[in-house]
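Trainee: Input structure: data-v3.pdb, which contains PDB, C-alpha atoms and all ligand atoms.
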ATOM      1  CA  MET A   1       3.341  -3.658 -32.790
ATOM      2  CA  ILE A   2       1.986  -3.695 -29.251
ATOM      3  CA  GLU A   3      -1.683  -3.010 -28.613
ATOM      4  CA  VAL A   4      -2.884  -2.656 -25.052
ATOM      5  CA  ARG A   5      -6.682  -2.658 -24.975
ATOM      6  CA  ASN A   6      -8.517  -1.537 -21.872
ATOM      7  CA  VAL A   7      -6.359  -3.603 -19.538
ATOM      8  CA  LYS A   8      -7.455  -3.870 -15.923
ATOM      9  CA  LYS A   9      -5.738  -5.692 -13.099
ATOM     10  CA  ARG A  10      -6.821  -6.466  -9.588
ATOM     11  CA  TYR A  11      -4.679  -8.462  -7.178
ATOM     12  CA  SER A  12      -6.291 -10.134  -4.176
ATOM     13  CA  SER A  13      -8.073  -7.049  -2.791
ATOM     14  CA  ASP A  14     -11.076  -5.408  -4.453
ATOM     15  CA  GLU A  15      -9.148  -2.390  -5.608
ATOM     16  CA  LEU A  16      -8.187  -2.158  -9.276
ATOM     17  CA  ILE A  17      -4.444  -1.500  -9.570
ATOM     18  CA  VAL A  18      -4.580  -0.986 -13.342
ATOM     19  CA  LYS A  19      -7.800   0.778 -14.247
ATOM     20  CA  GLY A  20      -8.427   0.355 -17.959
ATOM     21  CA  VAL A  21      -5.239   1.224 -19.819
ATOM     22  CA  SER A  22      -5.072   1.435 -23.623
ATOM     23  CA  PHE A  23      -2.295   2.462 -25.982
ATOM     24  CA  THR A  24      -0.496   1.331 -29.127
ATOM     25  CA  VAL A  25       3.237   1.173 -29.805
ATOM     26  CA  LYS A  26       4.282   1.144 -33.446
ATOM     27  CA  PRO A  27       7.424  -0.508 -34.847
ATOM     28  CA  GLY A  28      10.433   1.795 -34.873
ATOM     29  CA  THR A  29       9.216   3.803 -31.899
ATOM     30  CA  ILE A  30       9.944   3.965 -28.183
ATOM     31  CA  TYR A  31       6.956   4.329 -25.888
ATOM     32  CA  GLY A  32       7.560   5.310 -22.283
ATOM     33  CA  LEU A  33       5.245   4.550 -19.397
ATOM     34  CA  LEU A  34       6.136   7.326 -16.990
ATOM     35  CA  GLY A  35       4.826   7.304 -13.463
ATOM     36  CA  PRO A  36       5.811   7.355  -9.797
ATOM     37  CA  ASN A  37       6.380   4.242  -7.693
ATOM     38  CA  GLY A  38       3.187   2.290  -7.193
ATOM     39  CA  ALA A  39       1.502   3.639 -10.342
ATOM     40  CA  GLY A  40       1.204   0.135 -11.817
ATOM     41  CA  LYS A  41       4.070   0.169 -14.340
ATOM     42  CA  THR A  42       5.579  -3.196 -13.387
ATOM     43  CA  THR A  43       2.135  -4.777 -13.251
ATOM     44  CA  LEU A  44       1.430  -3.602 -16.806
ATOM     45  CA  MET A  45       4.837  -4.696 -18.092
ATOM     46  CA  GLN A  46       4.359  -8.138 -16.556
ATOM     47  CA  ILE A  47       0.950  -8.471 -18.192
ATOM     48  CA  MET A  48       2.505  -7.544 -21.561
ATOM     49  CA  ALA A  49       5.236 -10.129 -21.009
ATOM     50  CA  THR A  50       2.659 -12.883 -20.197
ATOM     51  CA  LEU A  51       3.833 -13.220 -16.584
ATOM     52  CA  LEU A  52       0.520 -11.956 -15.192
ATOM     53  CA  LYS A  53      -2.995 -12.374 -16.541
ATOM     54  CA  PRO A  54      -5.098  -9.217 -16.852
ATOM     55  CA  THR A  55      -8.369  -9.157 -14.900
ATOM     56  CA  ASP A  56      -9.968  -7.648 -18.007
ATOM     57  CA  GLY A  57      -8.870  -6.379 -21.423
ATOM     58  CA  GLN A  58      -6.240  -7.648 -23.822
ATOM     59  CA  VAL A  59      -2.653  -7.204 -24.897
ATOM     60  CA  VAL A  60      -1.955  -7.980 -28.551
ATOM     61  CA  ILE A  61       1.646  -8.328 -29.750
ATOM     62  CA  CYS A  62       2.409  -8.908 -33.434
ATOM     63  CA  GLY A  63      -1.291  -9.594 -33.963
ATOM     64  CA  LYS A  64      -1.623 -12.235 -31.216
ATOM     65  CA  ASP A  65      -3.365 -12.091 -27.864
ATOM     66  CA  VAL A  66      -0.537 -12.614 -25.373
ATOM     67  CA  SER A  67      -2.596 -14.605 -22.873
ATOM     68  CA  VAL A  68      -3.553 -17.183 -25.532
ATOM     69  CA  ASN A  69      -0.287 -17.530 -27.464
ATOM     70  CA  THR A  70       2.172 -17.451 -24.582
ATOM     71  CA  LEU A  71       4.981 -19.577 -26.052
ATOM     72  CA  GLU A  72       4.866 -17.846 -29.405
ATOM     73  CA  ILE A  73       4.948 -14.462 -27.675
ATOM     74  CA  HIS A  74       8.048 -15.443 -25.666
ATOM     75  CA  LYS A  75       9.964 -15.738 -28.956
ATOM     76  CA  LYS A  76       8.818 -12.300 -30.061
ATOM     77  CA  ILE A  77       9.609 -10.306 -26.926
ATOM     78  CA  GLY A  78      12.719  -9.347 -25.049
ATOM     79  CA  PHE A  79      11.726  -8.702 -21.449
ATOM     80  CA  LEU A  80      13.833  -7.063 -18.797
ATOM     81  CA  THR A  81      12.729  -6.606 -15.227
ATOM     82  CA  SER A  82      14.711  -5.245 -12.346
ATOM     83  CA  GLU A  83      13.823  -8.301 -10.314
ATOM     84  CA  VAL A  84      15.777 -10.717 -12.517
ATOM     85  CA  LYS A  85      18.785 -12.085 -10.678
ATOM     86  CA  LEU A  86      21.766 -13.566 -12.487
ATOM     87  CA  ASP A  87      23.343 -16.663 -10.975
ATOM     88  CA  PRO A  88      26.140 -15.124  -8.842
ATOM     89  CA  LEU A  89      28.545 -18.014  -9.390
ATOM     90  CA  SER A  90      28.143 -18.115 -13.155
ATOM     91  CA  THR A  91      29.964 -15.882 -15.666
ATOM     92  CA  PRO A  92      28.697 -13.649 -18.497
ATOM     93  CA  ASN A  93      29.977 -16.148 -21.081
ATOM     94  CA  LYS A  94      28.365 -19.149 -19.400
ATOM     95  CA  LEU A  95      25.055 -17.348 -18.913
ATOM     96  CA  TYR A  96      24.955 -16.192 -22.516
ATOM     97  CA  ASP A  97      25.687 -19.733 -23.742
ATOM     98  CA  PHE A  98      23.047 -21.153 -21.410
ATOM     99  CA  PHE A  99      20.342 -18.840 -22.746
ATOM    100  CA  ALA A 100      21.478 -19.340 -26.353
ATOM    101  CA  ALA A 101      20.967 -23.083 -25.840
ATOM    102  CA  LEU A 102      17.583 -22.448 -24.241
ATOM    103  CA  TYR A 103      16.513 -20.572 -27.380
ATOM    104  CA  ASP A 104      18.130 -23.190 -29.631
ATOM    105  CA  LEU A 105      20.342 -20.618 -31.319
ATOM    106  CA  PRO A 106      22.930 -22.038 -33.753
ATOM    107  CA  LYS A 107      26.465 -21.607 -32.376
ATOM    108  CA  GLU A 108      27.870 -20.054 -35.590
ATOM    109  CA  GLY A 109      25.288 -17.262 -35.491
ATOM    110  CA  TYR A 110      25.373 -16.268 -31.869
ATOM    111  CA  GLU A 111      29.093 -16.312 -31.039
ATOM    112  CA  GLU A 112      29.661 -13.324 -33.274
ATOM    113  CA  ARG A 113      26.682 -11.468 -31.831
ATOM    114  CA  LYS A 114      27.779 -12.228 -28.301
ATOM    115  CA  TYR A 115      31.172 -10.702 -29.011
ATOM    116  CA  LYS A 116      29.606  -7.621 -30.644
ATOM    117  CA  ASP A 117      27.069  -7.063 -27.868
ATOM    118  CA  PHE A 118      29.642  -7.627 -25.143
ATOM    119  CA  TYR A 119      32.032  -5.302 -26.972
ATOM    120  CA  ARG A 120      29.442  -2.548 -27.218
ATOM    121  CA  PHE A 121      28.857  -2.648 -23.473
ATOM    122  CA  GLY A 122      32.465  -3.235 -22.440
ATOM    123  CA  ILE A 123      31.656  -6.699 -21.069
ATOM    124  CA  ASN A 124      34.365  -8.665 -22.914
ATOM    125  CA  PRO A 125      37.126  -8.081 -20.316
ATOM    126  CA  PHE A 126      34.732  -9.449 -17.671
ATOM    127  CA  ALA A 127      33.235 -12.255 -19.753
ATOM    128  CA  ASP A 128      34.839 -15.019 -17.678
ATOM    129  CA  LYS A 129      34.591 -13.374 -14.278
ATOM    130  CA  ARG A 130      32.024 -14.469 -11.718
ATOM    131  CA  ILE A 131      28.799 -12.439 -11.671
ATOM    132  CA  VAL A 132      29.172 -11.899  -7.915
ATOM    133  CA  ASP A 133      32.343  -9.872  -8.554
ATOM    134  CA  LEU A 134      30.785  -7.532 -11.145
ATOM    135  CA  SER A 135      29.281  -4.067 -10.633
ATOM    136  CA  THR A 136      25.539  -3.355 -10.732
ATOM    137  CA  GLY A 137      25.934  -1.619 -14.086
ATOM    138  CA  MET A 138      27.835  -4.550 -15.575
ATOM    139  CA  LYS A 139      25.154  -6.978 -14.356
ATOM    140  CA  GLN A 140      22.418  -4.824 -15.867
ATOM    141  CA  LYS A 141      24.239  -4.678 -19.202
ATOM    142  CA  ILE A 142      24.620  -8.470 -19.187
ATOM    143  CA  SER A 143      20.908  -8.840 -18.398
ATOM    144  CA  ILE A 144      20.106  -6.582 -21.347
ATOM    145  CA  CYS A 145      22.283  -8.595 -23.757
ATOM    146  CA  ILE A 146      20.705 -11.828 -22.563
ATOM    147  CA  SER A 147      17.156 -10.524 -22.725
ATOM    148  CA  LEU A 148      17.716  -9.738 -26.418
ATOM    149  CA  ILE A 149      19.667 -12.902 -27.244
ATOM    150  CA  HIS A 150      16.926 -14.199 -29.577
ATOM    151  CA  ASN A 151      16.761 -10.941 -31.547
ATOM    152  CA  PRO A 152      13.131 -10.162 -30.697
ATOM    153  CA  PRO A 153      11.121  -7.578 -32.662
ATOM    154  CA  VAL A 154       9.401  -6.351 -29.489
ATOM    155  CA  ILE A 155      11.275  -5.057 -26.444
ATOM    156  CA  ILE A 156       9.658  -4.626 -23.021
ATOM    157  CA  PHE A 157      12.024  -3.074 -20.470
ATOM    158  CA  ASP A 158      10.913  -2.273 -16.927
ATOM    159  CA  GLU A 159      13.005   0.601 -15.515
ATOM    160  CA  PRO A 160      16.064  -0.327 -17.624
ATOM    161  CA  THR A 161      18.397   2.310 -16.176
ATOM    162  CA  ASN A 162      17.488   1.896 -12.505
ATOM    163  CA  GLY A 163      20.530   2.116 -10.284
ATOM    164  CA  LEU A 164      22.929   2.858 -13.151
ATOM    165  CA  ASP A 165      25.432   5.705 -13.243
ATOM    166  CA  ILE A 166      24.983   8.282 -16.022
ATOM    167  CA  LEU A 167      27.592   6.772 -18.336
ATOM    168  CA  THR A 168      26.144   3.273 -18.170
ATOM    169  CA  SER A 169      22.688   4.738 -18.409
ATOM    170  CA  LYS A 170      23.685   6.515 -21.624
ATOM    171  CA  GLN A 171      25.081   3.302 -23.099
ATOM    172  CA  VAL A 172      21.720   1.677 -22.470
ATOM    173  CA  THR A 173      19.647   4.530 -23.897
ATOM    174  CA  ASP A 174      21.873   4.805 -27.001
ATOM    175  CA  TYR A 175      21.393   1.085 -27.524
ATOM    176  CA  LEU A 176      17.619   1.424 -27.256
ATOM    177  CA  LYS A 177      17.670   4.265 -29.803
ATOM    178  CA  ASP A 178      19.629   2.071 -32.230
ATOM    179  CA  LEU A 179      17.192  -0.792 -31.717
ATOM    180  CA  ALA A 180      14.288   1.541 -32.526
ATOM    181  CA  LYS A 181      16.092   2.677 -35.694
ATOM    182  CA  GLU A 182      16.262  -0.992 -36.716
ATOM    183  CA  GLY A 183      12.467  -0.995 -36.597
ATOM    184  CA  ARG A 184      11.870  -2.730 -33.268
ATOM    185  CA  THR A 185       8.867  -1.928 -31.145
ATOM    186  CA  ILE A 186      10.004  -0.719 -27.748
ATOM    187  CA  ILE A 187       8.194  -0.019 -24.510
ATOM    188  CA  LEU A 188       9.920   0.946 -21.322
ATOM    189  CA  SER A 189       8.745   2.092 -17.946
ATOM    190  CA  THR A 190      10.423   4.702 -15.834
ATOM    191  CA  HIS A 191       9.824   7.044 -12.930
ATOM    192  CA  ILE A 192      12.517   9.401 -14.232
ATOM    193  CA  PHE A 193      10.927  12.113 -16.369
ATOM    194  CA  SER A 194      14.280  13.183 -17.867
ATOM    195  CA  LEU A 195      14.826   9.665 -19.213
ATOM    196  CA  ALA A 196      11.367   9.642 -20.804
ATOM    197  CA  GLU A 197      12.028  13.113 -22.177
ATOM    198  CA  SER A 198      15.332  12.239 -23.838
ATOM    199  CA  LEU A 199      14.428   8.799 -25.113
ATOM    200  CA  CYS A 200      10.747   8.329 -25.874
ATOM    201  CA  ASP A 201       8.816   9.177 -29.025
ATOM    202  CA  GLU A 202       5.593   8.924 -27.097
ATOM    203  CA  ILE A 203       4.927   8.980 -23.359
ATOM    204  CA  GLY A 204       1.963   7.731 -21.402
ATOM    205  CA  VAL A 205       1.787   9.356 -17.979
ATOM    206  CA  LEU A 206       0.563   6.690 -15.571
ATOM    207  CA  VAL A 207      -0.958   7.875 -12.302
ATOM    208  CA  ASP A 208      -2.766   5.503  -9.908
ATOM    209  CA  GLY A 209      -3.263   2.862 -12.609
ATOM    210  CA  LYS A 210      -4.597   5.222 -15.281
ATOM    211  CA  ILE A 211      -2.976   6.916 -18.253
ATOM    212  CA  VAL A 212      -3.888  10.510 -17.536
ATOM    213  CA  ALA A 213      -2.278  11.960 -20.677
ATOM    214  CA  SER A 214      -0.183  10.728 -23.576
ATOM    215  CA  GLY A 215       1.775  12.170 -26.456
ATOM    216  CA  SER A 216       5.207  13.445 -27.374
ATOM    217  CA  VAL A 217       7.205  15.581 -24.946
ATOM    218  CA  LYS A 218       6.160  18.628 -26.961
ATOM    219  CA  GLU A 219       2.482  17.664 -26.970
ATOM    220  CA  LEU A 220       2.403  16.967 -23.228
ATOM    221  CA  THR A 221       4.205  20.202 -22.451
ATOM    222  CA  GLU A 222       1.829  22.221 -24.651
ATOM    223  CA  LEU A 223      -1.204  20.415 -23.255
ATOM    224  CA  THR A 224      -0.416  21.636 -19.751
ATOM    225  CA  GLY A 225       0.670  25.098 -20.883
ATOM    226  CA  LYS A 226       3.995  24.685 -19.049
ATOM    227  CA  ASP A 227       7.453  25.712 -20.229
ATOM    228  CA  THR A 228       9.275  22.483 -19.416
ATOM    229  CA  PHE A 229       8.425  18.812 -19.539
ATOM    230  CA  GLU A 230       9.366  18.534 -15.859
ATOM    231  CA  ASP A 231       6.668  21.071 -14.930
ATOM    232  CA  ALA A 232       4.208  19.399 -17.294
ATOM    233  CA  PHE A 233       4.763  16.029 -15.621
ATOM    234  CA  PHE A 234       4.308  17.429 -12.094
ATOM    235  CA  GLU A 235       1.179  19.273 -13.180
ATOM    236  CA  LEU A 236      -0.306  16.082 -14.655
ATOM    237  CA  TYR A 237       0.638  14.162 -11.533
ATOM    238  CA  THR A 238      -0.738  16.582  -8.941
ATOM    239  CA  LYS A 239      -3.938  17.155 -10.922
ATOM    240  CA  ASN A 240      -4.679  13.441 -11.157
ATOM    241  CA  HIS A 241      -3.263  11.858  -8.006
ATOM    242  CA  LYS A 242      -5.768  11.279  -5.232
ATOM    243  CA  GLU A 243      -4.368  11.165  -1.713
TER     244      GLU A 243
HETATM  245  N1  LIG A 301       1.624  -9.296  -6.270
HETATM  246  C1  LIG A 301       0.966  -8.245  -5.780
HETATM  247  N2  LIG A 301      -0.071  -8.409  -4.904
HETATM  248  C2  LIG A 301      -0.741  -7.345  -4.428
HETATM  249  N3  LIG A 301      -0.467  -6.062  -4.718
HETATM  250  C3  LIG A 301       0.548  -5.833  -5.586
HETATM  251  C4  LIG A 301       1.313  -6.910  -6.151
HETATM  252  N4  LIG A 301       2.252  -6.362  -6.980
HETATM  253  C5  LIG A 301       2.080  -5.031  -6.917
HETATM  254  N5  LIG A 301       1.064  -4.710  -6.085
HETATM  255  C6  LIG A 301       0.584  -3.338  -5.785
HETATM  256  O1  LIG A 301       0.163  -2.748  -7.014
HETATM  257  C7  LIG A 301       0.531  -1.378  -7.049
HETATM  258  C8  LIG A 301       1.325  -1.102  -8.305
HETATM  259  O2  LIG A 301       2.561  -1.760  -8.201
HETATM  260  P1  LIG A 301       3.599  -1.831  -9.407
HETATM  261  O3  LIG A 301       2.917  -2.380 -10.615
HETATM  262  O4  LIG A 301       4.793  -2.543  -8.918
HETATM  263  O5  LIG A 301       3.895  -0.281  -9.638
HETATM  264  P2  LIG A 301       5.197   0.461 -10.189
HETATM  265  O6  LIG A 301       5.995  -0.505 -10.984
HETATM  266  O7  LIG A 301       4.649   1.590 -11.010
HETATM  267  O8  LIG A 301       5.940   0.979  -8.992
HETATM  268  C9  LIG A 301       1.275  -1.089  -5.743
HETATM  269  O9  LIG A 301       0.381  -0.496  -4.861
HETATM  270  C10 LIG A 301       1.701  -2.452  -5.270
HETATM  271  O10 LIG A 301       1.783  -2.491  -3.889
HETATM  272 MG    MG A 302       7.979  -1.063 -10.921
END
Would you write out, as structure tokens, the structure that this file holds?
Mentor:
Amino acid sequence: MIEVRNVKKRYSSDELIVKGVSFTVKPGTIYGLLGPNGAGKTTLMQIMATLLKPTDGQVVICGKDVSVNTLEIHKKIGFLTSEVKLDPLSTPNKLYDFFAALYDLPKEGYEERKYKDFYRFGINPFADKRIVDLSTGMKQKISICISLIHNPPVIIFDEPTNGLDILTSKQVTDYLKDLAKEGRTIILSTHIFSLAESLCDEIGVLVDGKIVASGSVKELTELTGKDTFEDAFFELYTKNHKE
């Protein structure tokens, strides 16, 4: 379970970038933070993942305040951000083993999972190739496997399909659906309304640091009286965005 309670964030200037955001994500569901560039998605995801402290408010994951129980929270979350860079001279196998050691995973347990995860994403044929020689999609899939290496119950993915072609993107979204079926709690951010529409059980539309509406695709579409989710999203955006 993720509970975000009235979170506010201000960087160095006076302006609040995140202006009091609250929502709850239940186990077995995928929550999507949908908003344009600059809405504050990455800021919120980083606060949830303990990388940034909120100016006000609280994030509670599995019953614990994330800013107080940082180390414990790291074991419970799998965090993916587009800014993570894999060592270009390493290989998928070496990186996986490095992170498995970091999390103290027993070798017997993780070797099998590594093979299965790599197999699912078609990484095995590239497992001993240098990262620098791999495609963007392959690197993203490796990052995803590594971010979930410790089998966390809570998954926080910032724009997980950014820059991926549709086939790779589908592999990632199918994986996220399976993880939700296993009962994990998943939050992702995206600026792509069609991704939110096809993947998320609940969507929070984030505009200028505020959630201006939330609900299922059906609820948001009905709320705006539009025929499609695309129109509903643009309506919510134009109504709430201040130039
Ligand atoms: N470290 C920072 N210092 C100051 N301003 C920042 C910093 N990081 C992000 N911002 C600003 O906060 C706003 C929201 O950014 P961000 O959370 O990255 O949004 P999104 O992920 O939705 O595109 C932007 O206006 C951005 O310029
Ligand atoms: Mg972002």
Trainee: Contacts of region 218-227 of chain A at 10 Å or less, counting all atoms listed in the file, minus same-chain residues fewer than 3 places along, as a list in words?
Mentor: Glu197, Glu202, Ile203, Gly204, Val205, Ala213, Ser214, Gly215, Glu230, Asp231, Ala232, Phe233, Phe234, Glu235 and Leu236 of chain A
Trainee: Grab me every residue within 9 Å of ligand LIG 301 (chain A), counting all atoms listed in the file, and send it over as a PyMOL selection string.
Mentor: chain A and resi 9-13+16-18+33-46+158-159+189-191+206-209
Trainee: Now that the selection is made, can you save its residues with C-alpha atoms as a short mmCIF file (atom, residue, chain, number, x, y, z; two decimals), keeping the file's coordinate frame?
Mentor:
data_model
loop_
_atom_site.label_atom_id
_atom_site.label_comp_id
_atom_site.auth_asym_id
_atom_site.auth_seq_id
_atom_site.Cartn_x
_atom_site.Cartn_y
_atom_site.Cartn_z
CA LYS A 9 -5.74 -5.69 -13.10
CA ARG A 10 -6.82 -6.47 -9.59
CA TYR A 11 -4.68 -8.46 -7.18
CA SER A 12 -6.29 -10.13 -4.18
CA SER A 13 -8.07 -7.05 -2.79
CA LEU A 16 -8.19 -2.16 -9.28
CA ILE A 17 -4.44 -1.50 -9.57
CA VAL A 18 -4.58 -0.99 -13.34
CA LEU A 33 5.24 4.55 -19.40
CA LEU A 34 6.14 7.33 -16.99
CA GLY A 35 4.83 7.30 -13.46
CA PRO A 36 5.81 7.36 -9.80
CA ASN A 37 6.38 4.24 -7.69
CA GLY A 38 3.19 2.29 -7.19
CA ALA A 39 1.50 3.64 -10.34
CA GLY A 40 1.20 0.14 -11.82
CA LYS A 41 4.07 0.17 -14.34
CA THR A 42 5.58 -3.20 -13.39
CA THR A 43 2.13 -4.78 -13.25
CA LEU A 44 1.43 -3.60 -16.81
CA MET A 45 4.84 -4.70 -18.09
CA GLN A 46 4.36 -8.14 -16.56
CA ASP A 158 10.91 -2.27 -16.93
CA GLU A 159 13.00 0.60 -15.52
CA SER A 189 8.74 2.09 -17.95
CA THR A 190 10.42 4.70 -15.83
CA HIS A 191 9.82 7.04 -12.93
CA LEU A 206 0.56 6.69 -15.57
CA VAL A 207 -0.96 7.88 -12.30
CA ASP A 208 -2.77 5.50 -9.91
CA GLY A 209 -3.26 2.86 -12.61
#
Trainee: Pick the closest to Ile77 (chain A) from A:His150, A:Arg5, A:Lys116, A:Lys19: which is it, counting only C-alpha atoms?
Mentor: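 Of all the options, A:His150 lies closest to Ile77 (chain A).
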Trainee: Residues picked by the PyMOL selection byres (((chain A and resi 55) around 6) and not hetatm) here, as a list of chain:residue names?
Mentor: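 With the PyMOL selection byres (((chain A and resi 55) around 6) and not hetatm) on this model, the match is A:Lys8, A:Lys9, A:Pro54, A:Asp56.
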Trainee: Here is a test: counting only C-alpha atoms, which residue of A:Val66, A:Ile30, A:Ile2, A:Leu188 is nearest to Thr81 (chain A)?
Mentor: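 The closest residue to Thr81 (chain A) is A:Leu188.
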Trainee: Go ahead and compute the interatomic distance for CA of Leu105 (chain A) and CA of Gln171 (chain A), in Å to one decimal.
Mentor: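 About the pair CA of Leu105 (chain A) and CA of Gln171 (chain A): they are 25.7 Å apart.
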Trainee: Smallest atom-to-atom distance to ligand MG 302 (chain A): which of A:Asp87, A:Leu80, A:Thr228, A:Asn124, using all atoms listed in the file?
Mentor: A:Leu80
Trainee: Starting from the PyMOL selection byres (((chain A and resi 99) around 12) and not hetatm), expand the selection into actual residues of this file and give them as a VMD selection string.
Mentor: chain A and resid 86 92 to 98 100 to 107 110 114 142 to 143 145 to 150
Trainee: Of the residues A:Gln140, A:Ser67, A:Asn162, A:Asn151, which is the one nearest to ligand MG 302 (chain A), using all atoms listed in the file?
Mentor: A:Asn162
Trainee: Please write as a list in words the full residue list that the PyMOL selection byres (((chain A and resi 28) around 8) and not hetatm) yields on this file.
Mentor: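 Matching residues under the PyMOL selection byres (((chain A and resi 28) around 8) and not hetatm) are Lys26, Pro27, Thr29, Ile30, Leu179, Ala180, Lys181, Glu182, Gly183, Arg184, Thr185 and Ile186 of chain A.
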Trainee: Considering all atoms listed in the file, can you say which of A:Lys64, A:Gly32, A:Asn6, A:Lys242 comes closest to Leu199 (chain A)?
Mentor: A:Gly32
Trainee: From the list A:Phe229, A:Phe23, A:Phe121, A:Tyr237, which residue is nearest Val172 (chain A) when using all atoms listed in the file?
Mentor: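 When distances to Val172 (chain A) are compared using all atoms listed in the file, the smallest one comes from A:Phe121.
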Trainee: Have a look at CA of Met138 (chain A) and CA of Glu108 (chain A) and let me know their distance in Å, one decimal.
Mentor: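 It comes out at 25.3 Å.
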Trainee: As JSON, please report the centre and edge lengths, rounded to one decimal in Å, of the axis-aligned box that holds all listed atoms of region 98-110 of chain A with 4 Å of padding on each of the six sides.
Mentor:
{"center_x": 22.2, "center_y": -19.7, "center_z": -28.5, "size_x": 19.4, "size_y": 14.9, "size_z": 22.2}
Trainee: Work out how far CA of Ile61 (chain A) is from CA of Val154 (chain A), in Å to one decimal.
Mentor: 8.0 Å
Trainee: Starting from the incomplete input, reconstruct N, CA and C atoms of region 151-170 of chain A and write that as an mmCIF file, in the frame of the given file.
Mentor:
data_model
loop_
_atom_site.group_PDB
_atom_site.id
_atom_site.type_symbol
_atom_site.label_atom_id
_atom_site.label_comp_id
_atom_site.auth_asym_id
_atom_site.auth_seq_id
_atom_site.Cartn_x
_atom_site.Cartn_y
_atom_site.Cartn_z
ATOM 1 N N ASN A 151 17.027 -11.960 -30.539
ATOM 2 C CA ASN A 151 16.761 -10.941 -31.547
ATOM 3 C C ASN A 151 15.274 -10.616 -31.711
ATOM 4 N N PRO A 152 14.583 -10.323 -30.616
ATOM 5 C CA PRO A 152 13.131 -10.162 -30.697
ATOM 6 C C PRO A 152 12.721 -8.834 -31.330
ATOM 7 N N PRO A 153 11.591 -8.829 -32.064
ATOM 8 C CA PRO A 153 11.121 -7.578 -32.662
ATOM 9 C C PRO A 153 10.487 -6.623 -31.645
ATOM 10 N N VAL A 154 10.087 -7.175 -30.493
ATOM 11 C CA VAL A 154 9.401 -6.351 -29.489
ATOM 12 C C VAL A 154 10.203 -6.368 -28.188
ATOM 13 N N ILE A 155 10.420 -5.179 -27.626
ATOM 14 C CA ILE A 155 11.275 -5.057 -26.444
ATOM 15 C C ILE A 155 10.484 -4.415 -25.311
ATOM 16 N N ILE A 156 10.433 -5.099 -24.172
ATOM 17 C CA ILE A 156 9.658 -4.626 -23.021
ATOM 18 C C ILE A 156 10.622 -4.507 -21.842
ATOM 19 N N PHE A 157 11.003 -3.277 -21.500
ATOM 20 C CA PHE A 157 12.024 -3.074 -20.470
ATOM 21 C C PHE A 157 11.435 -2.294 -19.296
ATOM 22 N N ASP A 158 11.439 -2.914 -18.134
ATOM 23 C CA ASP A 158 10.913 -2.273 -16.927
ATOM 24 C C ASP A 158 12.053 -1.541 -16.209
ATOM 25 N N GLU A 159 11.999 -0.243 -16.174
ATOM 26 C CA GLU A 159 13.005 0.601 -15.515
ATOM 27 C C GLU A 159 14.440 0.175 -15.885
ATOM 28 N N PRO A 160 14.775 0.240 -17.193
ATOM 29 C CA PRO A 160 16.064 -0.327 -17.624
ATOM 30 C C PRO A 160 17.302 0.378 -17.087
ATOM 31 N N THR A 161 17.189 1.617 -16.640
ATOM 32 C CA THR A 161 18.397 2.310 -16.176
ATOM 33 C C THR A 161 18.432 2.478 -14.658
ATOM 34 N N ASN A 162 17.530 1.784 -13.974
ATOM 35 C CA ASN A 162 17.488 1.896 -12.505
ATOM 36 C C ASN A 162 18.820 1.547 -11.864
ATOM 37 N N GLY A 163 19.311 2.416 -11.034
ATOM 38 C CA GLY A 163 20.530 2.116 -10.284
ATOM 39 C C GLY A 163 21.805 2.250 -11.098
ATOM 40 N N LEU A 164 21.720 2.745 -12.324
ATOM 41 C CA LEU A 164 22.929 2.858 -13.151
ATOM 42 C C LEU A 164 23.499 4.271 -13.069
ATOM 43 N N ASP A 165 24.836 4.373 -13.189
ATOM 44 C CA ASP A 165 25.432 5.705 -13.243
ATOM 45 C C ASP A 165 25.156 6.317 -14.619
ATOM 46 N N ILE A 166 25.433 7.626 -14.786
ATOM 47 C CA ILE A 166 24.983 8.282 -16.022
ATOM 48 C C ILE A 166 25.665 7.734 -17.271
ATOM 49 N N LEU A 167 26.911 7.286 -17.143
ATOM 50 C CA LEU A 167 27.592 6.772 -18.336
ATOM 51 C C LEU A 167 26.979 5.451 -18.793
ATOM 52 N N THR A 168 26.761 4.558 -17.834
ATOM 53 C CA THR A 168 26.144 3.273 -18.170
ATOM 54 C C THR A 168 24.718 3.503 -18.677
ATOM 55 N N SER A 169 24.051 4.416 -18.019
ATOM 56 C CA SER A 169 22.688 4.738 -18.409
ATOM 57 C C SER A 169 22.649 5.223 -19.871
ATOM 58 N N LYS A 170 23.636 6.020 -20.244
ATOM 59 C CA LYS A 170 23.685 6.515 -21.624
ATOM 60 C C LYS A 170 23.961 5.384 -22.618
#
